[in-house]
Amino acid sequence: MSGRTAMILTRYLGLTARLGWLLFGGLAAMSCWAAGALPALAQASTAQITVLYDAFGKTSTMKKDWGFSALIEYGGKRVLFDTGNNADIFAHNVAAKGIDLGQLDFAIISHRHGDHTSGLNHLLKINPAVKIYAPQENFGVFGAALPGSFYRRNESLPEDMRYFAGRAPEMLRFGSPWPEGNFTWVTKTSEVAPGFHLILLNGTWGVDLEVKEISLAIDTPEGIVLIVGCSHSTIEKIVEAAKSTINKPIHLVLGGTHLLPAKDDQIRSIAASLRDNWNVRYLAPSHCTGEPAFAILQEAFGERYIYAGLGTTVLLGPKVTVKAEAGQPSKNAMDAEDLRSYREAMTRGPWRAFLGTDKRVARLRP
């Protein structure tokens with residue numbers, strides 16, 4: 001072999017080796033990218049709602065109690081809706097489902113009642129900086145602010161008999177049981193993230209008048225996914241407000257519909273209105289809906305009634321389904337265990353005062 005031939009061969013082999021290393025490196029880089037991208041893609045494509053707090057559900061390590069909480073995962077967002085009635089039970093149920101509250105985009109507290117707010121202590125322990133949307137009230141549990149001019153003055157009084165010695169601050173801020181909470185006060189229906197709309201309405205409950213309540217309406221290709229806490233303003237008004245805001249059909253309603261105090265004929269009328277007038281496609285009632293209403297709504301919606309007891313994960317999409325879990329029987333209605341736990345929780349919850357004497361409470365137990 002001549003010297004020139006050897007030199008050409010050496011250059012060829014060197015070039016081939018460099019091309020091989022470039023190809024190998026490119027494949028390796030693509031593999032690394034894919035390894036990181038696939039989990040991100042899976043997270044972005046997750047579309048589901050998991051019930052973390054309620055008084056009925058399948059037998060599991062989760063604890064049943066009166067109240068409501070749900071984790072919404074949609075469009076790459078992770079949103080906590082309400083926190084239940086007891087911080088320890090909420091913490092237990094969150095851990096039982098393997099949920100990391102440190103990885104939330106934001107949280108929503110629907111209204112001020114304790115069976116929706118008490119888990120805030122645990123949430124703020126895990127994620128003290130998380131943004132929390134809550135209704136603004138003049139003297140609300142989430143804190144408030146009023147102009148210093150909100151009270152009448154009497155300038156003839158001496159300074160030691162006048163508020164702030166007659167020199168009130170321009171703005172008075174009022175405290176909260178959760179002073180460390182990063183609360184954003186909601187004063188009107190608004191979009192807080194692309195496709196995520198907070199619907200704010202006033203309602204009443206017993207002697208607790210003017211309960212401001214937030215519902216969450218998510219704009220999806222199939223229509224509106226509506227998550228409700230207690231529906232104090234009535235479920236029909238919330239559905240109407242959601243449709244008015246997004247101008248799409250109601251694909252799914254999930255949460256407490258506040259039909260527990262309603263009579264059967266009222267429930268049947270509301271069920272027919274939701275199905276026929278408002279064209280609600282799927283209904284997943286929970287929490288304060290009430291046992292008679294569960295049965296009537298299931299009859300009205302048939303296969304479009306979605307069981308949403310404690311621990312249930314509802315999968316969103318053109319057809320709403322319930323995620324099958326290993327070792328758990330599938331359900332589409334309340335059974336004897338659901339009824340027992342629901343009734344026991346109700347007698348311990350805020351409805352006890354409306355049930356009357358201990359004898360009436362006892363009759364609720366199966």
# chains A, B, ... in the order shown; residues from 1 in each chain; ligands from 1
$ residues_around --residues "region 195-205 of chain A" --least-positions-apart "5" --cutoff "9 Å" --atoms "only C-alpha atoms" --output "ChimeraX atom specification"
/A:75,108,110,133,135,186-190,210-220,231-234,237-238,241-242,245-246
$ select_by_dssp --residues "region 119-356 of chain A" --states "strand (DSSP E or B)" --output "PyMOL selection string"
chain A and resi 131-135+144-147+171-174+182-186+190-193+196-205+208-220+223-228+250-256+282-286+305+310+313-315+321-322
$ select_by_dssp --residues "region 131-227 of chain A" --states "helix (DSSP H, G or I)" --output "ChimeraX atom specification"
/A:159-161,163-166
$ atom_distance --atom1 "CA of Thr46 (chain A)" --atom2 "CA of Pro318 (chain A)"
13.9 Å
$ closest_residue --among "A:Phe90, A:Phe106, A:Phe81, A:Trp185" --to "Leu254 (chain A)" --atoms "only C-alpha atoms"
A:Phe81
$ closest_residue --among "A:Arg281, A:Arg78, A:His116, A:His258" --to "Ile224 (chain A)" --atoms "only C-alpha atoms"
A:Arg281
$ atom_distance --atom1 "CA of Thr312 (chain A)" --atom2 "CA of Val228 (chain A)"
16.1 Å
$ closest_residue --among "A:Tyr342, A:Tyr282, A:Trp66, A:Tyr163" --to "Glu222 (chain A)" --atoms "only C-alpha atoms"
A:Tyr282
$ residues_around --residues "region 148-159 of chain A" --least-positions-apart "2" --cutoff "6 Å" --atoms "only C-alpha atoms" --output "list in words"
Met161, Arg162, Ala165, Ala168, Pro169, Glu170, Met171 and Leu172 of chain A
$ write_last_selection --atoms "N, CA and C atoms" --output "PDB file, in the first residue's frame"
ATOM      1  N   MET A 161     -61.887  58.327  73.337  1.00  0.00           N
ATOM      2  CA  MET A 161     -63.171  57.668  73.093  1.00  0.00           C
ATOM      3  C   MET A 161     -63.429  57.447  71.605  1.00  0.00           C
ATOM      4  N   ARG A 162     -62.449  57.770  70.775  1.00  0.00           N
ATOM      5  CA  ARG A 162     -62.630  57.627  69.333  1.00  0.00           C
ATOM      6  C   ARG A 162     -61.755  56.489  68.802  1.00  0.00           C
ATOM      7  N   ALA A 165     -58.051  57.014  67.829  1.00  0.00           N
ATOM      8  CA  ALA A 165     -57.865  58.384  68.302  1.00  0.00           C
ATOM      9  C   ALA A 165     -58.322  59.407  67.263  1.00  0.00           C
ATOM     10  N   ALA A 168     -58.313  57.247  61.705  1.00  0.00           N
ATOM     11  CA  ALA A 168     -58.437  55.886  61.173  1.00  0.00           C
ATOM     12  C   ALA A 168     -57.569  55.708  59.933  1.00  0.00           C
ATOM     13  N   PRO A 169     -56.991  54.505  59.745  1.00  0.00           N
ATOM     14  CA  PRO A 169     -56.218  54.247  58.521  1.00  0.00           C
ATOM     15  C   PRO A 169     -57.128  54.282  57.294  1.00  0.00           C
ATOM     16  N   GLU A 170     -56.515  54.499  56.156  1.00  0.00           N
ATOM     17  CA  GLU A 170     -57.286  54.575  54.916  1.00  0.00           C
ATOM     18  C   GLU A 170     -57.989  53.255  54.615  1.00  0.00           C
ATOM     19  N   MET A 171     -57.327  52.138  54.969  1.00  0.00           N
ATOM     20  CA  MET A 171     -57.893  50.813  54.725  1.00  0.00           C
ATOM     21  C   MET A 171     -57.687  49.950  55.954  1.00  0.00           C
ATOM     22  N   LEU A 172     -58.747  49.266  56.381  1.00  0.00           N
ATOM     23  CA  LEU A 172     -58.670  48.335  57.504  1.00  0.00           C
ATOM     24  C   LEU A 172     -58.667  46.909  56.974  1.00  0.00           C
TER      25      LEU A 172
END
$ residues_around --residues "Ala271 (chain A)" --least-positions-apart "4" --cutoff "10 Å" --atoms "only C-alpha atoms" --output "ChimeraX atom specification"
/A:236,265-267,275-277,280,283,293,296-301
$ residues_around --residues "Thr50 (chain A)" --least-positions-apart "6" --cutoff "6 Å" --atoms "only C-alpha atoms" --output "JSON list (two decimals) with N, CA and C atoms, in the first residue's frame"
[["chain", "number", "residue", "atom", "x", "y", "z"],
["A", 70, "ALA", "N", -61.97, 17.67, 46.19],
["A", 70, "ALA", "CA", -61.64, 16.95, 44.96],
["A", 70, "ALA", "C", -60.39, 17.53, 44.34],
["A", 71, "LEU", "N", -59.62, 16.69, 43.67],
["A", 71, "LEU", "CA", -58.46, 17.12, 42.90],
["A", 71, "LEU", "C", -58.81, 17.06, 41.43],
["A", 312, "THR", "N", -63.19, 7.85, 44.36],
["A", 312, "THR", "CA", -63.48, 7.63, 42.94],
["A", 312, "THR", "C", -62.69, 8.61, 42.08],
["A", 313, "THR", "N", -62.13, 8.11, 40.98],
["A", 313, "THR", "CA", -61.50, 8.96, 39.98],
["A", 313, "THR", "C", -62.36, 8.94, 38.72]]
$ closest_residue --among "A:Glu337, A:Arg112, A:Asp54, A:Tyr307" --to "Lys323 (chain A)" --atoms "only C-alpha atoms"
A:Tyr307
$ residues_around --residues "Met62 (chain A)" --least-positions-apart "3" --cutoff "12 Å" --atoms "only C-alpha atoms" --output "ChimeraX atom specification"
/A:51-59,65,88-98,309-312
$ closest_residue --among "A:Ala134, A:Ala145, A:Leu104, A:Leu209" --to "Asp82 (chain A)" --atoms "only C-alpha atoms"
A:Ala134
